[in-house]
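*Asks:* I am attaching a structure below and will ask some questions about it afterwards.
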Amino acid sequence: MKITNKYLVEAIVFISYVLFAMAWVGGTASMGQIMSVMHVDSLASASFISGAVTLAKIVGTFGAAWIAIKFGIKYAFFIASLFIAIGLLTPLAPNYELLLLSRFLMGLGGAFMIVYFNPIVMHWFSPEERPVINGLNAVAFNIGTGVVLWKMAAINQFTGDWKISLITFSIASLLFSFVWLLVKFEPENADINKGDEAIEHYSYMDGLKDKFNWAYGLTYSGLLAFYICLFTFYPKAGISQSKWVIGFGIVGTLAGIIYSKKMPLRLPVIRWSGAVMVITIIGLSFSSSEWLQALSAIVLGFFIFFPVTALVSIPHELPKMTSQRITVVFSLFYSISYLLSTIVLWLFGKLVDVNQGDYTASFILISLVSCTFFIGSFFLPETGRKKAVTADDNNEIQRAGTHDKVKLNEEKLCAE
């Protein structure tokens, strides 16, 4: 039996990442119980786990393209799925070292998988369909996170134990990894953008020399740094509205999918969403009013994810794009973003320590860094294109009067 239906392929990809998010965030939510079982109460040990996870994201996203080139996208995705399933060891680990290893390998698998979304989407879906599928993949982690944040207690009650819940998530991931092996891939040259001559080989060195990749990664890095800070430091600062960001992030992603289908231009939505993000980050960080913080979190959650579909669509719409090239592009995109955000997170924490627990300077830093999304939009190419005026359209315009010519031109150029 071979799976050849593209929507079934997307369902496997989507559910696989939702399950990763549930296992990942579920493990994080249960970390207190896990550490207690191991009799580990050192904050240094707990922070080392976070550091290992960050390292996994940087190493994983950077190395993902090499794995894909060596084994092909199908088996690279399978390897990513197997690494994610190693999360099975998290609730069962008999010692701290095995716990650390399980979290590292699981994070590595998630880092691989997020890179492989894009060549898979490019391989199976037409350019017209890709914005919708990219948007769905972008919301997968939020859905998994939302399930855990709001329903983990109910899930534990149903399974009877937090360990069984985490084991169930990992077993489900393992089953989906074997279902993935049933997917039938056509030859790689089937996914070259129509009408473009392929770039036969696009290496890491080519990617590092490509100015687009640096502009693309740096644009996202500030937003990613804030997003990680939001769940790492903001609760410690007494700001607990993060759940609203997750919930309205799902709404924002769905709205972004609809918007990107109707409005082909990519940069305007990225630019103005970036501007709204900066304003709402300031509102969330510096306001002393709980209702204003909650409102800022709601608007922020929506506009963090509203432009994601447009942002992720840009590489898919570049000329001469191939499966190999897009894998390298997104490999560098995420590794650059995570590397820069890791440095920002370190500076954020350092400023808190230097100022004896005062978060003001750190909040100023993260507000300034979050501007990269807005500023970066001026350095990215506009890949969305309005419908070209055809020869028949020109004939129709030539036959029209002067007033009608202007009207017809406007109608043709503004049409999707």
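By convention here, the chains of the structure tokens are called A, B, ... in the order presented, each chain's residues are numbered starting at 1, and ligands are numbered starting at 1 in the order presented.
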Taking 5 positions as the minimum chain separation for residues in the same chain, which residues sit within 7 Å of Phe83 of chain A when counting only C-alpha atoms? Answer as a ChimeraX atom specification.

*Replies:* /A:105-106,108-109

*Asks:* Restricting the output to all heavy atoms, write the selected residues as a tab-separated table (two decimals), in the first residue's frame.

*Replies:*
```
chain	number	residue	atom	x	y	z
A	105	LEU	N	17.65	14.86	21.84
A	105	LEU	CA	17.33	14.17	20.59
A	105	LEU	C	15.91	14.49	20.11
A	105	LEU	O	15.67	14.62	18.91
A	105	LEU	CB	17.50	12.66	20.77
A	105	LEU	CG	18.96	12.19	20.98
A	105	LEU	CD1	19.00	10.68	21.21
A	105	LEU	CD2	19.84	12.57	19.79
A	106	MET	N	15.02	14.66	21.05
A	106	MET	CA	13.65	15.02	20.69
A	106	MET	C	13.61	16.41	20.08
A	106	MET	O	12.95	16.66	19.06
A	106	MET	CB	12.77	14.96	21.94
A	106	MET	CG	11.30	15.12	21.67
A	106	MET	SD	10.40	15.08	23.23
A	106	MET	CE	8.76	15.37	22.64
A	108	LEU	N	16.09	17.83	18.59
A	108	LEU	CA	16.76	17.69	17.31
A	108	LEU	C	15.76	17.25	16.23
A	108	LEU	O	15.74	17.78	15.12
A	108	LEU	CB	17.89	16.68	17.44
A	108	LEU	CG	19.03	16.73	16.42
A	108	LEU	CD1	19.78	18.04	16.52
A	108	LEU	CD2	19.97	15.56	16.65
A	109	GLY	N	14.93	16.27	16.58
A	109	GLY	CA	13.92	15.79	15.64
A	109	GLY	C	12.93	16.87	15.25
A	109	GLY	O	12.57	17.02	14.08
```

*Asks:* How would you write, as a ChimeraX atom specification, the set of residues in segment 162-335 of chain A that DSSP gives as helix (DSSP H, G or I)?

*Replies:* /A:162-180,188-191,204-209,211-232,235-237,242-262,267-286,290-305,308-316,323-335

*Asks:* Leaving out Leu340 of chain A and any residue of its chain fewer than 4 positions from it, which residues lie within 7 Å of it when counting only C-alpha atoms, given as a list in words?

*Replies:* Ser221, Ile336 and Val344 of chain A

*Asks:* Taking only C-alpha atoms into account, produce a table as a tab-separated table in which each residue of segment 7-125 of chain A with an atom at most 9 Å from an atom of segment 308-324 of chain A appears once, together with its shortest atom pair and the distance in Å to one decimal, ordered by chain and rising number.

*Replies:*
```
residue	atom	partner	partner_atom	distance
A:Ala65	CA	A:Gln324	CA	7.7
A:Ala68	CA	A:Gln324	CA	8.0
A:Ile69	CA	A:Gln324	CA	6.9
A:Ile73	CA	A:Ser323	CA	8.6
A:Asn118	CA	A:His316	CA	7.9
A:Pro119	CA	A:Ser323	CA	4.9
A:Ile120	CA	A:Ser323	CA	8.0
A:Met122	CA	A:Ser323	CA	6.8
A:His123	CA	A:Ser323	CA	7.0
```

*Asks:* Generate a file of the selected residues that holds N, CA, C and O atoms, formatted as a PDB file, in the first residue's frame.

*Replies:*
```pdb
ATOM      1  N   ALA A  65      19.466  20.224   6.378  1.00  0.00           N
ATOM      2  CA  ALA A  65      19.632  20.153   4.921  1.00  0.00           C
ATOM      3  C   ALA A  65      20.622  19.055   4.537  1.00  0.00           C
ATOM      4  O   ALA A  65      20.428  18.362   3.535  1.00  0.00           O
ATOM      5  N   ALA A  68      18.853  15.800   4.612  1.00  0.00           N
ATOM      6  CA  ALA A  68      17.921  15.687   3.486  1.00  0.00           C
ATOM      7  C   ALA A  68      18.654  15.403   2.179  1.00  0.00           C
ATOM      8  O   ALA A  68      18.200  14.598   1.358  1.00  0.00           O
ATOM      9  N   ILE A  69      19.799  16.059   1.971  1.00  0.00           N
ATOM     10  CA  ILE A  69      20.568  15.839   0.745  1.00  0.00           C
ATOM     11  C   ILE A  69      21.123  14.415   0.709  1.00  0.00           C
ATOM     12  O   ILE A  69      21.153  13.767  -0.339  1.00  0.00           O
ATOM     13  N   ILE A  73      14.306  13.614   1.106  1.00  0.00           N
ATOM     14  CA  ILE A  73      13.324  14.211   2.008  1.00  0.00           C
ATOM     15  C   ILE A  73      12.489  13.151   2.725  1.00  0.00           C
ATOM     16  O   ILE A  73      12.218  13.266   3.928  1.00  0.00           O
ATOM     17  N   ASN A 118       8.885  22.452   4.250  1.00  0.00           N
ATOM     18  CA  ASN A 118       8.894  23.253   3.028  1.00  0.00           C
ATOM     19  C   ASN A 118       9.194  22.467   1.758  1.00  0.00           C
ATOM     20  O   ASN A 118       8.463  22.619   0.765  1.00  0.00           O
ATOM     21  N   PRO A 119      10.219  21.604   1.730  1.00  0.00           N
ATOM     22  CA  PRO A 119      10.386  20.787   0.521  1.00  0.00           C
ATOM     23  C   PRO A 119       9.234  19.813   0.302  1.00  0.00           C
ATOM     24  O   PRO A 119       8.902  19.506  -0.840  1.00  0.00           O
ATOM     25  N   ILE A 120       8.608  19.355   1.391  1.00  0.00           N
ATOM     26  CA  ILE A 120       7.448  18.452   1.247  1.00  0.00           C
ATOM     27  C   ILE A 120       6.284  19.209   0.611  1.00  0.00           C
ATOM     28  O   ILE A 120       5.644  18.720  -0.327  1.00  0.00           O
ATOM     29  N   MET A 122       6.478  21.893  -1.216  1.00  0.00           N
ATOM     30  CA  MET A 122       6.853  22.228  -2.588  1.00  0.00           C
ATOM     31  C   MET A 122       6.708  21.024  -3.509  1.00  0.00           C
ATOM     32  O   MET A 122       6.328  21.155  -4.680  1.00  0.00           O
ATOM     33  N   HIS A 123       7.009  19.845  -2.985  1.00  0.00           N
ATOM     34  CA  HIS A 123       6.947  18.618  -3.772  1.00  0.00           C
ATOM     35  C   HIS A 123       5.510  18.224  -4.114  1.00  0.00           C
ATOM     36  O   HIS A 123       5.231  17.789  -5.230  1.00  0.00           O
TER      37      HIS A 123
END
```

*Asks:* Do you have the atom CA of Trp272 of chain A-atom CA of Phe306 of chain A distance handy?

*Replies:*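 Between atom CA of Trp272 of chain A and atom CA of Phe306 of chain A the gap is 10.5 Å.
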
*Asks:* From the list A:Tyr227, A:Lys6, A:Ala85, A:Ser335, which residue is nearest Ser126 of chain A when using only C-alpha atoms?

*Replies:*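 Comparing A:Tyr227, A:Lys6, A:Ala85, A:Ser335 against Ser126 of chain A, the winner is A:Lys6.
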
*Asks:* Tell me which of A:Lys261, A:Lys70, A:Lys151, A:Lys57 sits closest to Gly26 of chain A, counting only C-alpha atoms.

*Replies:* A:Lys151

*Asks:* Pick out the residues sitting within 8 Å of Gly376 of chain A, and hand them over as a list in words; count only C-alpha atoms, and ignore anything fewer than 3 positions along from it in its own chain.

*Replies:*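 Returned residues: Ala215, Tyr216, Leu218, Thr219, Thr372, Phe373, Phe379 and Leu380 of chain A.
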
*Asks:* Find the residue from A:Gly72, A:Gly60, A:Asn5, A:Thr145 that sits nearest to Phe20 of chain A; use only C-alpha atoms when measuring.

*Replies:*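 Nearest to Phe20 of chain A: A:Thr145.
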
*Asks:* Can you list, as a ChimeraX atom specification, every protein, DNA or RNA residue that comes within 12 Å of Ser16 of chain A when you count only C-alpha atoms, leaving out same-chain residues fewer than 5 positions away?

*Replies:* /A:9-11,21-23,77-78,80-85,109-110,113-114,117,137,140-141,143-144,169-180

*Asks:* Go ahead and dump the residues you just picked, N, CA, C and O atoms, as a short mmCIF file (atom, residue, chain, number, x, y, z; two decimals), in the first residue's frame.

*Replies:*
```cif
data_model
loop_
_atom_site.label_atom_id
_atom_site.label_comp_id
_atom_site.auth_asym_id
_atom_site.auth_seq_id
_atom_site.Cartn_x
_atom_site.Cartn_y
_atom_site.Cartn_z
N VAL A 9 -1.02 13.08 2.83
CA VAL A 9 0.38 13.35 3.15
C VAL A 9 0.48 14.55 4.10
O VAL A 9 1.18 14.51 5.12
N GLU A 10 -0.24 15.62 3.78
CA GLU A 10 -0.24 16.81 4.64
C GLU A 10 -0.80 16.49 6.02
O GLU A 10 -0.30 17.00 7.04
N ALA A 11 -1.83 15.65 6.09
CA ALA A 11 -2.41 15.27 7.39
C ALA A 11 -1.37 14.57 8.26
O ALA A 11 -1.27 14.83 9.47
N ALA A 21 4.66 18.78 19.44
CA ALA A 21 4.39 19.90 20.35
C ALA A 21 3.78 19.40 21.66
O ALA A 21 4.16 19.86 22.75
N MET A 22 2.86 18.46 21.57
CA MET A 22 2.22 17.94 22.78
C MET A 22 3.24 17.22 23.67
O MET A 22 3.25 17.40 24.90
N ALA A 23 4.10 16.41 23.06
CA ALA A 23 5.11 15.69 23.83
C ALA A 23 6.15 16.66 24.40
O ALA A 23 6.58 16.52 25.55
N PHE A 77 12.65 12.97 6.79
CA PHE A 77 11.48 13.21 7.64
C PHE A 77 11.25 12.01 8.58
O PHE A 77 10.88 12.19 9.74
N PHE A 78 11.49 10.82 8.09
CA PHE A 78 11.36 9.61 8.91
C PHE A 78 12.37 9.64 10.07
O PHE A 78 12.02 9.32 11.22
N ALA A 80 13.67 12.31 11.41
CA ALA A 80 13.18 13.34 12.34
C ALA A 80 12.10 12.77 13.25
O ALA A 80 12.08 13.01 14.46
N SER A 81 11.18 12.00 12.66
CA SER A 81 10.09 11.40 13.43
C SER A 81 10.60 10.43 14.48
O SER A 81 10.07 10.37 15.60
N LEU A 82 11.62 9.65 14.12
CA LEU A 82 12.19 8.70 15.08
C LEU A 82 12.86 9.43 16.24
O LEU A 82 12.74 9.00 17.40
N PHE A 83 13.55 10.52 15.96
CA PHE A 83 14.16 11.30 17.03
C PHE A 83 13.09 11.85 17.98
O PHE A 83 13.28 11.86 19.20
N ILE A 84 11.99 12.32 17.39
CA ILE A 84 10.89 12.84 18.22
C ILE A 84 10.33 11.75 19.13
O ILE A 84 10.04 11.97 20.30
N ALA A 85 10.22 10.53 18.59
CA ALA A 85 9.68 9.41 19.36
C ALA A 85 10.59 9.02 20.54
O ALA A 85 10.13 8.37 21.49
N GLY A 109 14.93 16.27 16.58
CA GLY A 109 13.92 15.79 15.64
C GLY A 109 12.93 16.87 15.25
O GLY A 109 12.57 17.02 14.08
N GLY A 110 12.49 17.66 16.24
CA GLY A 110 11.57 18.76 15.95
C GLY A 110 12.21 19.80 15.06
O GLY A 110 11.57 20.36 14.17
N MET A 113 12.29 18.46 11.54
CA MET A 113 10.97 18.38 10.93
C MET A 113 10.47 19.72 10.42
O MET A 113 9.88 19.82 9.34
N ILE A 114 10.72 20.78 11.20
CA ILE A 114 10.21 22.09 10.79
C ILE A 114 10.86 22.57 9.50
O ILE A 114 10.25 23.29 8.70
N PHE A 117 9.18 20.63 6.36
CA PHE A 117 7.85 21.03 5.91
C PHE A 117 7.90 21.59 4.49
O PHE A 117 7.06 21.27 3.64
N ASN A 137 0.73 24.32 8.48
CA ASN A 137 1.91 23.79 9.15
C ASN A 137 2.42 24.75 10.22
O ASN A 137 2.93 24.33 11.26
N ALA A 140 0.51 24.28 13.51
CA ALA A 140 0.53 22.95 14.13
C ALA A 140 1.10 22.98 15.55
O ALA A 140 0.54 22.37 16.47
N PHE A 141 2.23 23.66 15.73
CA PHE A 141 2.86 23.70 17.06
C PHE A 141 1.95 24.39 18.06
O PHE A 141 1.84 23.97 19.22
N ILE A 143 -1.29 24.54 18.06
CA ILE A 143 -2.42 23.66 18.41
C ILE A 143 -1.97 22.63 19.44
O ILE A 143 -2.65 22.40 20.45
N GLY A 144 -0.81 21.99 19.21
CA GLY A 144 -0.30 21.03 20.18
C GLY A 144 -0.03 21.67 21.53
O GLY A 144 -0.36 21.10 22.58
N PHE A 169 1.78 10.13 23.92
CA PHE A 169 2.15 11.08 22.87
C PHE A 169 3.29 10.53 22.03
O PHE A 169 3.28 10.61 20.79
N SER A 170 4.30 9.96 22.69
CA SER A 170 5.48 9.46 21.98
C SER A 170 5.17 8.21 21.15
O SER A 170 5.68 8.06 20.03
N ILE A 171 4.33 7.33 21.68
CA ILE A 171 3.95 6.13 20.91
C ILE A 171 3.16 6.54 19.67
O ILE A 171 3.36 5.98 18.58
N ALA A 172 2.27 7.53 19.82
CA ALA A 172 1.52 8.02 18.67
C ALA A 172 2.47 8.60 17.62
O ALA A 172 2.29 8.37 16.41
N SER A 173 3.50 9.32 18.06
CA SER A 173 4.51 9.86 17.13
C SER A 173 5.23 8.73 16.40
O SER A 173 5.48 8.81 15.19
N LEU A 174 5.55 7.67 17.14
CA LEU A 174 6.25 6.53 16.54
C LEU A 174 5.37 5.85 15.48
O LEU A 174 5.85 5.50 14.39
N LEU A 175 4.10 5.71 15.77
CA LEU A 175 3.18 5.08 14.81
C LEU A 175 3.08 5.92 13.54
O LEU A 175 3.09 5.38 12.42
N PHE A 176 3.00 7.24 13.69
CA PHE A 176 2.92 8.11 12.52
C PHE A 176 4.22 8.09 11.71
O PHE A 176 4.19 8.28 10.49
N SER A 177 5.34 7.86 12.37
CA SER A 177 6.61 7.78 11.63
C SER A 177 6.61 6.58 10.70
O SER A 177 7.12 6.65 9.58
N PHE A 178 5.98 5.47 11.12
CA PHE A 178 5.92 4.29 10.25
C PHE A 178 4.85 4.45 9.16
O PHE A 178 5.00 3.94 8.05
N VAL A 179 3.78 5.18 9.48
CA VAL A 179 2.78 5.49 8.45
C VAL A 179 3.42 6.33 7.36
O VAL A 179 3.14 6.16 6.17
N TRP A 180 4.34 7.22 7.75
CA TRP A 180 5.03 8.08 6.78
C TRP A 180 5.79 7.28 5.74
O TRP A 180 5.91 7.69 4.59
#
```

*Asks:* Which residues are near Ile366 of chain A? Cut-off 8 Å, only C-alpha atoms, ignore same chain within fewer than 5 positions. Put them as a list in words.

*Replies:* Gly222, Ala225, Phe226, Val344 and Phe348 of chain A

*Asks:* Restricted to all heavy atoms, what would the selected residues look like written as a short mmCIF file (atom, residue, chain, number, x, y, z; two decimals), in the first residue's frame?

*Replies:*
```
data_model
loop_
_atom_site.label_atom_id
_atom_site.label_comp_id
_atom_site.auth_asym_id
_atom_site.auth_seq_id
_atom_site.Cartn_x
_atom_site.Cartn_y
_atom_site.Cartn_z
N GLY A 222 14.34 38.53 15.74
CA GLY A 222 13.84 39.36 16.84
C GLY A 222 12.50 38.88 17.35
O GLY A 222 12.27 38.84 18.57
N ALA A 225 13.07 35.66 19.29
CA ALA A 225 13.66 35.96 20.60
C ALA A 225 12.58 36.41 21.58
O ALA A 225 12.54 35.96 22.73
CB ALA A 225 14.73 37.04 20.46
N PHE A 226 11.69 37.29 21.12
CA PHE A 226 10.61 37.73 22.00
C PHE A 226 9.70 36.56 22.38
O PHE A 226 9.31 36.42 23.54
CB PHE A 226 9.76 38.82 21.34
CG PHE A 226 8.45 39.02 22.06
CD1 PHE A 226 8.42 39.68 23.27
CD2 PHE A 226 7.27 38.48 21.55
CE1 PHE A 226 7.22 39.81 23.97
CE2 PHE A 226 6.08 38.61 22.23
CZ PHE A 226 6.05 39.28 23.45
N VAL A 344 20.25 36.90 22.32
CA VAL A 344 19.35 37.90 22.91
C VAL A 344 18.82 37.41 24.25
O VAL A 344 18.73 38.18 25.22
CB VAL A 344 18.19 38.22 21.95
CG1 VAL A 344 17.13 39.07 22.64
CG2 VAL A 344 18.71 38.93 20.71
N PHE A 348 19.17 39.23 27.78
CA PHE A 348 17.97 39.55 28.54
C PHE A 348 18.17 39.13 30.00
O PHE A 348 17.96 39.93 30.93
CB PHE A 348 16.76 38.81 27.94
CG PHE A 348 15.43 39.22 28.52
CD1 PHE A 348 14.59 40.06 27.81
CD2 PHE A 348 15.00 38.75 29.76
CE1 PHE A 348 13.35 40.43 28.32
CE2 PHE A 348 13.78 39.11 30.28
CZ PHE A 348 12.95 39.96 29.56
#
```

*Asks:* List the neighbours of Leu332 of chain A out to 8 Å using only C-alpha atoms; skip same-chain residues closer than 5 positions along the sequence, and give me the result as a list in words.

*Replies:* Thr61, Phe62, Gly207, Leu208, Asn213 and Gly217 of chain A

*Asks:* Which of these residues is nearest to Ala56 of chain A, using only C-alpha atoms: A:Leu368, A:Leu339, A:Val269, A:Leu89?

*Replies:*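 When distances to Ala56 of chain A are compared using only C-alpha atoms, the smallest one comes from A:Leu339.
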
*Asks:* Using only C-alpha atoms, find each residue of segment 88-135 of chain A with at least one atom at most 12 Å away from an atom of segment 27-36 of chain A; report its shortest atom-to-atom pair and that distance in Å (one decimal), sort the rows by chain and rising residue number, and return the result as a tab-separated table.

*Replies:*
```
residue	atom	partner	partner_atom	distance
A:Leu88	CA	A:Gly27	CA	10.0
A:Leu89	CA	A:Gly27	CA	10.5
A:Thr90	CA	A:Gly27	CA	7.1
A:Pro91	CA	A:Ile34	CA	6.7
A:Leu92	CA	A:Ile34	CA	9.0
A:Ala93	CA	A:Ile34	CA	8.8
A:Pro94	CA	A:Ile34	CA	10.0
A:Asn95	CA	A:Met35	CA	9.5
A:Tyr96	CA	A:Met35	CA	8.1
A:Glu97	CA	A:Met35	CA	11.8
A:Leu99	CA	A:Ile34	CA	9.0
A:Leu100	CA	A:Met35	CA	11.1
A:Ser102	CA	A:Gly27	CA	10.6
A:Arg103	CA	A:Gly27	CA	8.7
A:Met106	CA	A:Gly27	CA	10.7
A:Gly107	CA	A:Gly27	CA	11.5
```

*Asks:* Go ahead and write the selection's residues with N, CA and C atoms as a PDB file, in the first residue's frame.

*Replies:*
```
ATOM      1  N   LEU A  88       9.915   9.296  24.303  1.00  0.00           N
ATOM      2  CA  LEU A  88       9.372   8.206  25.134  1.00  0.00           C
ATOM      3  C   LEU A  88      10.222   8.006  26.395  1.00  0.00           C
ATOM      4  N   LEU A  89      11.515   8.313  26.288  1.00  0.00           N
ATOM      5  CA  LEU A  89      12.418   8.131  27.430  1.00  0.00           C
ATOM      6  C   LEU A  89      12.269   9.221  28.493  1.00  0.00           C
ATOM      7  N   THR A  90      11.665  10.339  28.132  1.00  0.00           N
ATOM      8  CA  THR A  90      11.568  11.462  29.076  1.00  0.00           C
ATOM      9  C   THR A  90      10.880  11.071  30.380  1.00  0.00           C
ATOM     10  N   PRO A  91       9.687  10.463  30.344  1.00  0.00           N
ATOM     11  CA  PRO A  91       9.058  10.081  31.617  1.00  0.00           C
ATOM     12  C   PRO A  91       9.632   8.797  32.218  1.00  0.00           C
ATOM     13  N   LEU A  92      10.418   8.046  31.434  1.00  0.00           N
ATOM     14  CA  LEU A  92      10.939   6.760  31.901  1.00  0.00           C
ATOM     15  C   LEU A  92      12.410   6.813  32.296  1.00  0.00           C
ATOM     16  N   ALA A  93      13.074   7.949  32.022  1.00  0.00           N
ATOM     17  CA  ALA A  93      14.514   8.032  32.249  1.00  0.00           C
ATOM     18  C   ALA A  93      14.867   7.742  33.715  1.00  0.00           C
ATOM     19  N   PRO A  94      15.789   6.793  33.955  1.00  0.00           N
ATOM     20  CA  PRO A  94      16.173   6.454  35.334  1.00  0.00           C
ATOM     21  C   PRO A  94      17.173   7.432  35.927  1.00  0.00           C
ATOM     22  N   ASN A  95      17.780   8.272  35.080  1.00  0.00           N
ATOM     23  CA  ASN A  95      18.759   9.232  35.595  1.00  0.00           C
ATOM     24  C   ASN A  95      18.730  10.516  34.782  1.00  0.00           C
ATOM     25  N   TYR A  96      19.410  11.511  35.325  1.00  0.00           N
ATOM     26  CA  TYR A  96      19.398  12.840  34.728  1.00  0.00           C
ATOM     27  C   TYR A  96      20.036  12.848  33.341  1.00  0.00           C
ATOM     28  N   GLU A  97      21.120  12.092  33.164  1.00  0.00           N
ATOM     29  CA  GLU A  97      21.845  12.077  31.893  1.00  0.00           C
ATOM     30  C   GLU A  97      20.973  11.562  30.750  1.00  0.00           C
ATOM     31  N   LEU A  99      17.683  11.582  30.734  1.00  0.00           N
ATOM     32  CA  LEU A  99      16.644  12.598  30.541  1.00  0.00           C
ATOM     33  C   LEU A  99      17.155  13.701  29.621  1.00  0.00           C
ATOM     34  N   LEU A 100      18.376  14.156  29.893  1.00  0.00           N
ATOM     35  CA  LEU A 100      18.983  15.209  29.080  1.00  0.00           C
ATOM     36  C   LEU A 100      19.133  14.754  27.624  1.00  0.00           C
ATOM     37  N   SER A 102      17.398  12.420  26.052  1.00  0.00           N
ATOM     38  CA  SER A 102      16.088  12.265  25.406  1.00  0.00           C
ATOM     39  C   SER A 102      15.524  13.605  24.965  1.00  0.00           C
ATOM     40  N   ARG A 103      15.700  14.639  25.798  1.00  0.00           N
ATOM     41  CA  ARG A 103      15.195  15.960  25.435  1.00  0.00           C
ATOM     42  C   ARG A 103      15.995  16.553  24.271  1.00  0.00           C
ATOM     43  N   MET A 106      15.017  14.657  21.054  1.00  0.00           N
ATOM     44  CA  MET A 106      13.650  15.015  20.690  1.00  0.00           C
ATOM     45  C   MET A 106      13.607  16.414  20.078  1.00  0.00           C
ATOM     46  N   GLY A 107      14.353  17.352  20.697  1.00  0.00           N
ATOM     47  CA  GLY A 107      14.444  18.702  20.142  1.00  0.00           C
ATOM     48  C   GLY A 107      15.101  18.711  18.778  1.00  0.00           C
TER      49      GLY A 107
END
```

*Asks:* Would you mind telling me which residue in A:Leu365, A:Ser203, A:Tyr7, A:Tyr338 lies nearest to Leu351 of chain A when using only C-alpha atoms?

*Replies:*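 Distance minimum relative to Leu351 of chain A lands on A:Leu365.
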